[in-house]
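Below is one structure; the comments refer to it alone.
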There are 2 protein chains.
Amino acid sequence: MDEVETPQTILQFAPFNSSVDEGFWHSFSSLKLDKLGIDDSPIPITGFYAPCSHPQVSNHLTLLSESLPSDDEQSSMESTSHGNRNKCPVPGILYNTNTVESFNKLDKQSLLKAEAKKIWEDIQSGKAVEDCSLLSRFLVISFADLKKWSFRYWFAFPALVLDPPASLVELKPASEYFSVEEAESVSAACNDWRDSNLTTDVPFFLVSVSSDSKATIRHLKDWESCQGDHQKLLFGFYDPCHLSSNPGWPLRNYLALIRSRWNLETVWFFCYRESRGFADLNLSLVGQALVTLSSAETAPNSVGWELNKGKRVPRSISLANSMDPTRLAVSACDLNLKLMRWRALPSLNLNVLSSVKCLLLGAGTLGCQVARTLMGWGIRNITFVDYGKVAMSNPVRQSLYTFEDCVGRGEFKAVAAVKSLKQIFPAMESTGVVMAIPMPGHPISSQEEESVLGDCKRLSDLIESHDAVFLLTDTRESRWLPSLLCANANKIAINAALGFDSYMVMRHGAGPTTSLSDDMQNLDMNKTKTQRLGCYFCNDVVAPQDSMTDRTLDQQCTVTRPGLAPIAGALAVELLVGVLQHPFGIYAKGDNSSSSNGGNIDDSPLGILPHQIRGSVSQFSQITLLGQASNSCTACSETVISEYRERGNSFILEAINHPTYLEDLTGLTELKKAANSFNLDWEDDDTDDDDDVAVDM
Amino acid sequence: MDEVETPQTILQFAPFNSSVDEGFWHSFSSLKLDKLGIDDSPIPITGFYAPCSHPQVSNHLTLLSESLPSDDEQSSMESTSHGNRNKCPVPGILYNTNTVESFNKLDKQSLLKAEAKKIWEDIQSGKAVEDCSLLSRFLVISFADLKKWSFRYWFAFPALVLDPPASLVELKPASEYFSVEEAESVSAACNDWRDSNLTTDVPFFLVSVSSDSKATIRHLKDWESCQGDHQKLLFGFYDPCHLSSNPGWPLRNYLALIRSRWNLETVWFFCYRESRGFADLNLSLVGQALVTLSSAETAPNSVGWELNKGKRVPRSISLANSMDPTRLAVSACDLNLKLMRWRALPSLNLNVLSSVKCLLLGAGTLGCQVARTLMGWGIRNITFVDYGKVAMSNPVRQSLYTFEDCVGRGEFKAVAAVKSLKQIFPAMESTGVVMAIPMPGHPISSQEEESVLGDCKRLSDLIESHDAVFLLTDTRESRWLPSLLCANANKIAINAALGFDSYMVMRHGAGPTTSLSDDMQNLDMNKTKTQRLGCYFCNDVVAPQDSMTDRTLDQQCTVTRPGLAPIAGALAVELLVGVLQHPFGIYAKGDNSSSSNGGNIDDSPLGILPHQIRGSVSQFSQITLLGQASNSCTACSETVISEYRERGNSFILEAINHPTYLEDLTGLTELKKAANSFNLDWEDDDTDDDDDVAVDM
Ligand SMILES: [Zn+2]
Ligand SMILES: [Zn+2]
């Protein structure tokens with residue numbers, strides 16, 4: 001047989017296959033959500049592959065969770081460091097787009113060309129000889145739909161195209177090519193190479209077989225020193241392909257390197273494959289390729305976009321079905337908040353929100369709306385205090401209840417609200433406390449004392465164990481004790497109250513006797529410049545009293561226009577979020593919506609942080625107000641707080657049983673006498689020089 | 001036996017018992033809710049009783065549904081007219097209080113005394129002889145808790161106290177008192193009396209028995225003419241009591257009448273009782289009482305508060321358990337709205353609200369809030385249009401959905417929203433339509449044409465069949481076709497849109513080509529004085545286009561601060577309610593919240609009715625604006641509406657497929673060219689002399 005006359009076969013390569021572990025997409029989603037946001041710069045990633053290890057299955061280039069750059073550069077180096085025989089690292093790059101449209105519009109030809117050019121340049125510069133993993137560079141384009149947990153992606157394994165193509169002279173199992181002695185020695189040498197941490201993941205190498213059938217494996221950079229002292233010199237590589245008819249994809253760029261670097265026309269190559277962790281020379285192939293040398297060393301063309309079931313379309317995967325639904329919900333809700341941060345509020349601290357514990361006093365129209373808006377902001381810990389049951393007329397206005405909650409004797413609101421929160425979002429941590437709030441001016445009998453004092457203690461404990469308290473009850477006097485306890489414990493108190501067509505939302509100021517902790521000392525100067533903000537009772541000249549008894553049906557039912565509670569409840573939450581995001585927190589001074597203090601550096605990232613908001617749906621108007629704390633306040637003044645601390649229960653009982661006690665204590669009684677003697681008509685007094693209250697549109 | 005020496009027994013009377021049919025409380029509740037409101041004037045009522053008709057059971061004085069005054073005076077007279085043998089009417093009076101406290105505080109002694117005085121006066125004037133039912137006057141005090149459907153009440157049957165008391169000489173079955181012949185005749189006469197429509201319900205009468213044992217029954221007024229022509233004359237009355245030992249309560253005031261009127265010391269009385277509809281002289285009693293005549297005819301003392309199981313406490317009844325829960329819910333919700341009307345909005349038309357049909361385009365954050373606020377206002381008919389499914393991140397912000405709606409592939413929002421509404425309030429009439437709204441500038445293929453035109457037709461039909469349309473989608477261009485169709489059909493359109501921290505709520509003006517119906521002619525003058533109000537697109541100089549394609553993740557998700565949707569949704573509903581309650585409806589001009597037009601007679605009872613409301617939660621501010629309709633508007637101008645009417649589907653297809661068509665049609669293209677040639681910087685232009693837009697705080 002005359003070999004020269006054998007019709008030359010074009011050498012064809014089995015394409016690389018990709019495989020992406022779900023862990024990769026989970027990690028990528030976290031990276032995107034926590035760090036990258038909408039930044040769509042290309043991301044360096046690492047793919048892994050290994051020689052084929054099964055006679056019927058090719059190995060894939062795999063992306064794992066660790067394929068992504070780690071936050072900690074140090075650990076990243078380690079995790080992708082050499083030494084794992086099944087994870088030969090390959091550098092890749094990920095182009096993730098933020099929309100499916102930009103994914104579709106990507107210029108895939110250019111992207112592929114750019115990566116191929118890097119390979120070509122590494123060949124030219126010799127870098128690819130030093131670090132042969134560079135020969136198998138790959139790229140991935142993707143669109144991660146983090147709302148649906150579905151991912152669309154497309155791999156390319158850029159291959160430099162030889163022109164004219166290489167032709168195949170012969171290809172056979174390595175066991176047939178080598179003599180038995182040679183084969184034994186080659187196997188042993190390969191096993192040594194694979195067993196060494198230093199070389200196990202170096203996928204390109206030289207196999208030299210001396211005339212005495214001894215085989216040696218060498219690094220590519222040793223090519224020059226191998227010349228002359230061998231019988232046979234083969235270019236070996238870890239072949240992911242299992243086929244006996246074709247070598248795998250890595251040989252393409254290998255041939256380009258060999259031609260360009262060493263100017264060889266005849267190349268003996270060795271497709272290294274394994275079985276059960278050892279070299280398998282029956283599976284491994286040896287072939288001879290003829291390469292046409294080219295004088296003009298310009299960058300060759302490239303190919304390499306992976307086919308999906310034979311078609312030029314991207315792959316996609318949805319993780320939604322494989323994920324725990326609750327985890328999916330948590331991640332979807334987190335995503336929404338992160339999107340808000342990326343887009344509009346880069347300085348928004350989401351951790352503060354997710355960890356804050358909110359106590360809602362009252363689970364009626366306001367309480368329901370506040371809870372829902374808190375959930376929208378990512379607040380996960382909500383406790384309800386309410387003693388009422390869900391009545392038939394409640395569900396149409398109180399958004400946490402349904403008809404089912406009120407049939408029969410009715411469920412307690414505090415219980416039904418908790419149930420509802422978990423139905424909305426299973427990850428909620430919510431508790432319901434069925435309890436009435438003790439009220440001043442509602443005298444109690446001595447038998448009731450123990451239970452009322454127990455309620456006071458319980459309320460006090462609840463306030464201590466939460467970070468923010470919402471006052472959402474429907475009477476004035478039920479707000480007194482919580483106002484006092486919040487001032488005493490220096491807790492954020494947000495107060496919302498409804499009239500028939502008007503609403504008031506305010507935050508109470510800090511307590512009168514708070515001592516700043518050390519790390520707040522730098523705020524101290526700021527704080528001392530401004531007075532404490534007032535509480536709900538600071539503007540009053542009467543102590544809270546019994547306003548429930550003898551109210552007619554219509555008054556008891558606290559009739560309000562249905563639009564009020566959603567508005568006031570939503571504003572109350574926005575106000576809390578403003579306080580939580582403000583560097584001074586509870587000490588933040590009250591802003592007005594006038595533009596004059598627009599440049600204030602104290603401003604929360606969310607906008608202004610007013611003290612009080614009042615609005616009317618009959619006028620469709622809304623204003624912000626500012627009121628300082630009053631020294632005669634029956635709830636938050638130092639006098640009252642000191643008395644409470646000193647006398648404890650007996651103070652509370654006196655306030656409950658003696659309508660005038662609080663007024664006497666704070667000097668309001670005196671003040672009222674004085675005011676009456678002047679007979680002022682407050683209603684008509686519209687001079688603007690009141691120092692304590694600044695009104696602004 | 002010497003009768004004179006017989007120790008005299010004090011005559012004692014078996015008290016009257018009350019019985020209240022549930023129907024009475026239902027009717028009373030309706031009367032209270034629909035007519036009386038919080039008016040607590042005493043109400044004349046009618047009680048019914050009949051002679052005892054069973055040897056072991058006394059008859060009650062019963063209140064029935066018909067005991068209440070009827071709206072229609074005519075039918076009231078008939079329903080309480082004479083002629084029913086089992087319903088002898090007795091006049092009563094009902095003192096219903098609005099709170100349990102006022103119920104407890106009622107001066108029962110005085111009330112009783114007042115009724116007793118009426119009886120005494122009727123005796124003195126002779127009225128009680130003419131109409132003997134006046135002798136049994138009664139009163140009821142009550143507190144109707146219409147929220148819980150429970151009723152507390154207390155009857156009094158005022159009895160004039162004879163001082164000294166009457167003594168009983170003898171008391172025996174009538175059959176023992178009369179001879180056999182007499183008894184036969186008395187029975188026959190009584191049966192005749194009871195059989196006649198004219199006398200059957202006249203409970204007091206005279207029984208005269210002649211010496212030939214013939215009995216005659218006569219009216220009290222015939223007493224004088226009975227004198228002398230009889231052997232025996234007895235004072236008969238329908239006795240509700242079954243006891244053989246005592247006469248019933250009606251005898252008390254009867255004796256007072258007899259003593260006062262006819263000055264008799266010895267009174268033979270006849271307690272008439274029945275069995276199976278006939279006089280039963282074994283059950284009936286005859287007695288002889290001795291009455292001490294008194295010279296001073298002053299009003300005697302009175303007694304008569306009914307005991308409850310032997311105690312001086314009111315009775316109570318709860319109808320909640322016996323009522324259909326859905327009916328209870330309906331009535332409880334209606335009550336809330338009625339309370340609102342009684343207290344604050346006497347002119348509020350609740351029927352308009354309960355009958356209005358609302359179409360909600362979009363069932364996301366805004367759609368959910370709008371639906372809930374509509375329910376709060378008593379709106380019962382809501383249709384949702386949405387093509388999306390409930391996603392994992394939705395329930396924490398979209399108040400009609402729960403986690404359950406989004407597990408798996410997710411329920412369609414339009415379907416889940418309907419389900420949710422019924423769970424909240426079973427009487428809701430709600431429908432969900434899963435449909436995308438065709439959008440201009442989103443070109444479609446010819447295969448899609450039929451389906452898109454079908455959607456247009458469907459949307460048009462939906463708008464025609466509803467009274468008010470809410471535009472709550474999250475893109476600008478999806479509002480175009482609904483805006484156009486509302487302008488074409490002259491339907492109320494309420495538009496709400498959210499930015500990141502700002503919101504806009506507006507109502508569209510009337511359509512450009514509406515012809516006023518005859519009964520609106522008087523409004524015409526008013527209308528012509530003011531221009532049409534603008535729609536969402538009136539201020540635009542670009543036609544709506546494809547804003548969805550190629551938006552990044554964060555834009556697609558329409559990120560807004562969680563407080564916005566509740567506020568804007570609630571305002572949108574308040575705005576609709578304002579339009580519905582305004583005498584000019586869709587034609588009402590746009591008010592501003594400035595006080596200058598506060599005295600405007602056009603004002604809705606709800607307050608001002610602005611055209612647009614804009615607010616910001618970063619500034620906690622809100623303003624109203626006014627913008628007139630533009631002749632170049634791509635949605636509501638006469639040009640566009642005429643073109644739509646003329647060309648129909650081909651107009652819609654052109655708008656969908658050709659981005660510039662609408663601008664060309666309306667002249668916006670020309671306008672833009674002109675504007676560009678001036679190179680105006682609109683942003684910096686803050687002069688206030690813009691005629692079309694009036695800004696007001
Ligand atoms: Zn205070
Ligand atoms: Zn318009």
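Letters for chains follow the order of the structure tokens (A, B, ...), residue numbers begin at 1 for each chain, and ligand numbers begin at 1 in the order shown.
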**Request:** Taking only C-alpha atoms and all ligand atoms into account, report as a PyMOL selection string which residues have an atom no farther than 9 Å from an atom of ligand 1.
**Result:** chain A and resi 483-484+487+508-509+533-540+628-637
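The residue set within 9 Å of Phe237 of chain A, counting only C-alpha atoms and dropping same-chain residues fewer than 3 places from it, reads Pro51, Val202, Pro203, Phe204, Phe205, Leu206, Pro250, Leu251, Tyr254, Phe269, Phe270, Cys271, Tyr272 and Arg273 of chain A.
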Select residues of chain A: the criterion is any atom within 6 Å of an atom of chain B, counting only C-alpha atoms; output as a PDB file with N, CA and C atoms, in the first residue's frame.
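Ended up saving to selection10.pdb:
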ATOM      1  N   ASN A  98     -28.795  41.924  31.328  1.00  0.00           N
ATOM      2  CA  ASN A  98     -29.890  42.184  32.258  1.00  0.00           C
ATOM      3  C   ASN A  98     -31.274  42.011  31.643  1.00  0.00           C
ATOM      4  N   THR A  99     -31.321  41.861  30.350  1.00  0.00           N
ATOM      5  CA  THR A  99     -32.623  41.625  29.723  1.00  0.00           C
ATOM      6  C   THR A  99     -32.466  40.545  28.671  1.00  0.00           C
ATOM      7  N   GLU A 101     -33.717  40.783  25.824  1.00  0.00           N
ATOM      8  CA  GLU A 101     -33.468  41.446  24.550  1.00  0.00           C
ATOM      9  C   GLU A 101     -31.977  41.673  24.338  1.00  0.00           C
ATOM     10  N   ALA A 329     -39.880  32.107  47.584  1.00  0.00           N
ATOM     11  CA  ALA A 329     -40.603  33.326  47.964  1.00  0.00           C
ATOM     12  C   ALA A 329     -39.662  34.297  48.652  1.00  0.00           C
ATOM     13  N   ALA A 332     -37.437  35.753  46.067  1.00  0.00           N
ATOM     14  CA  ALA A 332     -38.143  36.680  45.169  1.00  0.00           C
ATOM     15  C   ALA A 332     -38.390  38.016  45.865  1.00  0.00           C
ATOM     16  N   CYS A 333     -38.751  37.953  47.145  1.00  0.00           N
ATOM     17  CA  CYS A 333     -39.020  39.194  47.871  1.00  0.00           C
ATOM     18  C   CYS A 333     -37.722  39.965  48.108  1.00  0.00           C
ATOM     19  N   LEU A 339     -33.534  45.141  44.003  1.00  0.00           N
ATOM     20  CA  LEU A 339     -33.732  45.912  42.775  1.00  0.00           C
ATOM     21  C   LEU A 339     -33.966  47.375  43.114  1.00  0.00           C
ATOM     22  N   MET A 340     -34.728  47.585  44.175  1.00  0.00           N
ATOM     23  CA  MET A 340     -35.012  48.951  44.590  1.00  0.00           C
ATOM     24  C   MET A 340     -33.718  49.640  44.979  1.00  0.00           C
ATOM     25  N   THR A 373     -47.497  46.946  54.673  1.00  0.00           N
ATOM     26  CA  THR A 373     -46.468  47.813  54.099  1.00  0.00           C
ATOM     27  C   THR A 373     -45.099  47.459  54.674  1.00  0.00           C
ATOM     28  N   MET A 375     -44.161  44.470  55.420  1.00  0.00           N
ATOM     29  CA  MET A 375     -43.726  43.301  54.656  1.00  0.00           C
ATOM     30  C   MET A 375     -43.172  43.718  53.302  1.00  0.00           C
ATOM     31  N   GLY A 376     -43.799  44.696  52.704  1.00  0.00           N
ATOM     32  CA  GLY A 376     -43.308  45.189  51.419  1.00  0.00           C
ATOM     33  C   GLY A 376     -41.889  45.724  51.515  1.00  0.00           C
ATOM     34  N   MET A 392     -67.861  41.040  61.634  1.00  0.00           N
ATOM     35  CA  MET A 392     -68.357  40.899  60.268  1.00  0.00           C
ATOM     36  C   MET A 392     -68.016  42.076  59.362  1.00  0.00           C
ATOM     37  N   SER A 393     -67.965  43.249  59.942  1.00  0.00           N
ATOM     38  CA  SER A 393     -67.725  44.414  59.091  1.00  0.00           C
ATOM     39  C   SER A 393     -66.236  44.671  58.884  1.00  0.00           C
ATOM     40  N   PRO A 395     -63.503  42.612  57.552  1.00  0.00           N
ATOM     41  CA  PRO A 395     -62.665  42.224  56.409  1.00  0.00           C
ATOM     42  C   PRO A 395     -62.648  43.212  55.241  1.00  0.00           C
ATOM     43  N   VAL A 396     -63.745  43.912  54.981  1.00  0.00           N
ATOM     44  CA  VAL A 396     -63.724  44.834  53.837  1.00  0.00           C
ATOM     45  C   VAL A 396     -62.831  46.051  54.076  1.00  0.00           C
ATOM     46  N   ARG A 397     -62.421  46.270  55.330  1.00  0.00           N
ATOM     47  CA  ARG A 397     -61.545  47.403  55.584  1.00  0.00           C
ATOM     48  C   ARG A 397     -60.235  46.989  56.235  1.00  0.00           C
ATOM     49  N   THR A 402     -60.414  37.678  56.581  1.00  0.00           N
ATOM     50  CA  THR A 402     -61.405  37.238  55.610  1.00  0.00           C
ATOM     51  C   THR A 402     -62.690  36.898  56.351  1.00  0.00           C
ATOM     52  N   PHE A 403     -63.707  36.663  55.561  1.00  0.00           N
ATOM     53  CA  PHE A 403     -65.017  36.284  56.089  1.00  0.00           C
ATOM     54  C   PHE A 403     -64.903  35.123  57.067  1.00  0.00           C
ATOM     55  N   GLN A 423     -49.648  33.236  55.754  1.00  0.00           N
ATOM     56  CA  GLN A 423     -50.223  32.819  54.470  1.00  0.00           C
ATOM     57  C   GLN A 423     -49.701  33.688  53.337  1.00  0.00           C
ATOM     58  N   ILE A 424     -49.417  34.924  53.649  1.00  0.00           N
ATOM     59  CA  ILE A 424     -48.891  35.828  52.631  1.00  0.00           C
ATOM     60  C   ILE A 424     -47.429  35.500  52.346  1.00  0.00           C
ATOM     61  N   PHE A 425     -46.676  35.265  53.427  1.00  0.00           N
ATOM     62  CA  PHE A 425     -45.233  35.068  53.271  1.00  0.00           C
ATOM     63  C   PHE A 425     -44.778  34.122  54.374  1.00  0.00           C
ATOM     64  N   ASP A 550     -70.067  55.732  76.794  1.00  0.00           N
ATOM     65  CA  ASP A 550     -71.156  56.604  76.404  1.00  0.00           C
ATOM     66  C   ASP A 550     -70.976  57.209  75.011  1.00  0.00           C
ATOM     67  N   THR A 552     -71.913  57.022  71.204  1.00  0.00           N
ATOM     68  CA  THR A 552     -72.975  56.348  70.463  1.00  0.00           C
ATOM     69  C   THR A 552     -72.340  55.419  69.455  1.00  0.00           C
ATOM     70  N   LEU A 553     -73.190  54.553  68.992  1.00  0.00           N
ATOM     71  CA  LEU A 553     -72.813  53.557  68.002  1.00  0.00           C
ATOM     72  C   LEU A 553     -71.853  54.089  66.955  1.00  0.00           C
ATOM     73  N   ASP A 554     -72.193  55.223  66.395  1.00  0.00           N
ATOM     74  CA  ASP A 554     -71.375  55.720  65.292  1.00  0.00           C
ATOM     75  C   ASP A 554     -70.015  56.164  65.759  1.00  0.00           C
ATOM     76  N   VAL A 559     -65.720  55.843  62.649  1.00  0.00           N
ATOM     77  CA  VAL A 559     -66.041  55.953  61.236  1.00  0.00           C
ATOM     78  C   VAL A 559     -65.008  56.809  60.524  1.00  0.00           C
ATOM     79  N   PRO A 562     -62.894  55.230  53.837  1.00  0.00           N
ATOM     80  CA  PRO A 562     -62.091  54.019  53.629  1.00  0.00           C
ATOM     81  C   PRO A 562     -60.683  54.271  53.088  1.00  0.00           C
ATOM     82  N   GLY A 563     -60.492  55.397  52.414  1.00  0.00           N
ATOM     83  CA  GLY A 563     -59.164  55.655  51.875  1.00  0.00           C
ATOM     84  C   GLY A 563     -58.136  56.064  52.917  1.00  0.00           C
ATOM     85  N   PRO A 566     -55.355  53.143  54.514  1.00  0.00           N
ATOM     86  CA  PRO A 566     -54.235  52.770  53.649  1.00  0.00           C
ATOM     87  C   PRO A 566     -53.203  53.894  53.543  1.00  0.00           C
ATOM     88  N   ILE A 567     -53.669  55.110  53.441  1.00  0.00           N
ATOM     89  CA  ILE A 567     -52.739  56.238  53.300  1.00  0.00           C
ATOM     90  C   ILE A 567     -51.928  56.408  54.579  1.00  0.00           C
ATOM     91  N   ALA A 570     -49.575  53.451  55.334  1.00  0.00           N
ATOM     92  CA  ALA A 570     -48.411  53.439  54.447  1.00  0.00           C
ATOM     93  C   ALA A 570     -47.425  54.537  54.850  1.00  0.00           C
ATOM     94  N   SER A 593     -40.970  69.775  54.385  1.00  0.00           N
ATOM     95  CA  SER A 593     -40.856  69.526  52.947  1.00  0.00           C
ATOM     96  C   SER A 593     -40.516  70.796  52.170  1.00  0.00           C
ATOM     97  N   LEU A 606     -33.759  58.375  51.751  1.00  0.00           N
ATOM     98  CA  LEU A 606     -35.128  58.231  51.293  1.00  0.00           C
ATOM     99  C   LEU A 606     -35.821  59.561  51.066  1.00  0.00           C
ATOM    100  N   GLY A 607     -35.173  60.661  51.455  1.00  0.00           N
ATOM    101  CA  GLY A 607     -35.831  61.959  51.316  1.00  0.00           C
ATOM    102  C   GLY A 607     -35.880  62.615  52.675  1.00  0.00           C
ATOM    103  N   ILE A 608     -36.833  63.515  52.842  1.00  0.00           N
ATOM    104  CA  ILE A 608     -36.905  64.206  54.121  1.00  0.00           C
ATOM    105  C   ILE A 608     -37.501  63.282  55.178  1.00  0.00           C
ATOM    106  N   SER A 618     -60.503  65.140  52.108  1.00  0.00           N
ATOM    107  CA  SER A 618     -61.542  66.012  51.567  1.00  0.00           C
ATOM    108  C   SER A 618     -60.893  67.187  50.827  1.00  0.00           C
ATOM    109  N   GLN A 619     -59.654  67.497  51.191  1.00  0.00           N
ATOM    110  CA  GLN A 619     -58.926  68.544  50.473  1.00  0.00           C
ATOM    111  C   GLN A 619     -57.820  67.960  49.593  1.00  0.00           C
ATOM    112  N   SER A 621     -54.985  67.148  50.474  1.00  0.00           N
ATOM    113  CA  SER A 621     -53.787  67.904  50.805  1.00  0.00           C
ATOM    114  C   SER A 621     -53.008  67.172  51.882  1.00  0.00           C
ATOM    115  N   GLN A 622     -51.760  67.530  52.025  1.00  0.00           N
ATOM    116  CA  GLN A 622     -50.901  66.898  53.017  1.00  0.00           C
ATOM    117  C   GLN A 622     -49.800  67.889  53.411  1.00  0.00           C
TER     118      GLN A 622
END
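You will find atom CA of Trp223 of chain B at 14.0 Å from atom CA of Asp131 of chain B.
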**Message:** Using only C-alpha atoms, which protein or nucleic acid residues come within 8 Å of Asn301 of chain B? Drop anything in the same chain fewer than 5 positions from it, and give the result as a PyMOL selection string.
**Reply:** chain B and resi 113+160-162
Quick one: write out the picked residues with N, CA and C atoms as a CSV table (one decimal), in the first residue's frame?
chain,number,residue,atom,x,y,z
B,113,LYS,N,-93.6,56.3,85.0
B,113,LYS,CA,-94.6,57.3,85.5
B,113,LYS,C,-95.3,58.0,84.4
B,160,LEU,N,-101.6,51.3,87.5
B,160,LEU,CA,-102.0,52.3,88.5
B,160,LEU,C,-102.2,51.5,89.8
B,161,VAL,N,-101.5,52.0,90.9
B,161,VAL,CA,-101.6,51.3,92.2
B,161,VAL,C,-102.8,51.9,93.0
B,162,LEU,N,-103.7,51.1,93.3
B,162,LEU,CA,-104.8,51.6,94.2
B,162,LEU,C,-104.3,51.6,95.6
**Request:** Just the residues within 8 Å of segment 466-472 of chain B, please, counting only C-alpha atoms, with nothing from its chain fewer than 3 positions along; format it as a VMD selection string.
**Result:** chain B and resid 356 to 364 366 to 367 462 to 463 479 482 486 491 to 497 576
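Proximity to Glu182 of chain A was assessed for A:Ser196, A:Asn59, A:Ser211, A:Ser650 counting only C-alpha atoms; the smallest distance is recorded for A:Ser211.
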**Asked** What separation in Å, quoted to one decimal, exists between atom CA of Thr62 of chain B and atom CA of Phe48 of chain B?
**Response**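 Atom CA of Phe48 of chain B lies at a distance of 5.1 Å from atom CA of Thr62 of chain B.
Nearest residue to Glu115 of chain B among B:Met439, B:Val352, B:Val180, B:Ile93 is B:Ile93, counting only C-alpha atoms.
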**Request:** Could you give me, as an MDAnalysis selection string, each residue of segment 133-232 of chain B that DSSP assigns to alpha helix (DSSP H) when run on this structure's backbone?
**Result:** chainID B and resid 174:177 180:195 223:226
**Asked** Pick the closest to ligand 2 from B:Trp480, B:Tyr644, B:Tyr503, B:Trp249: which is it, counting only C-alpha atoms and all ligand atoms?
**Response** B:Trp480
**Request:** Write out as a ChimeraX atom specification all residues of segment 276-320 of chain A that DSSP puts in strand (DSSP E or B) for this structure's backbone.
**Result:** /A:278-279,285-290,302-305,308,311,315-318
**Prompt:** What is the atom CA of Pro44 of chain A to atom CA of Arg312 of chain A distance in Å?
**Reply:**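 Between atom CA of Pro44 of chain A and atom CA of Arg312 of chain A the gap is 24.2 Å.
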**Shell of 12 Å around Gly126 of chain A, only C-alpha atoms, local chain residues under 5 positions omitted, as a PyMOL selection string** = chain A and resi 118-121+131-132+134-135+220-221+257-258+260-262
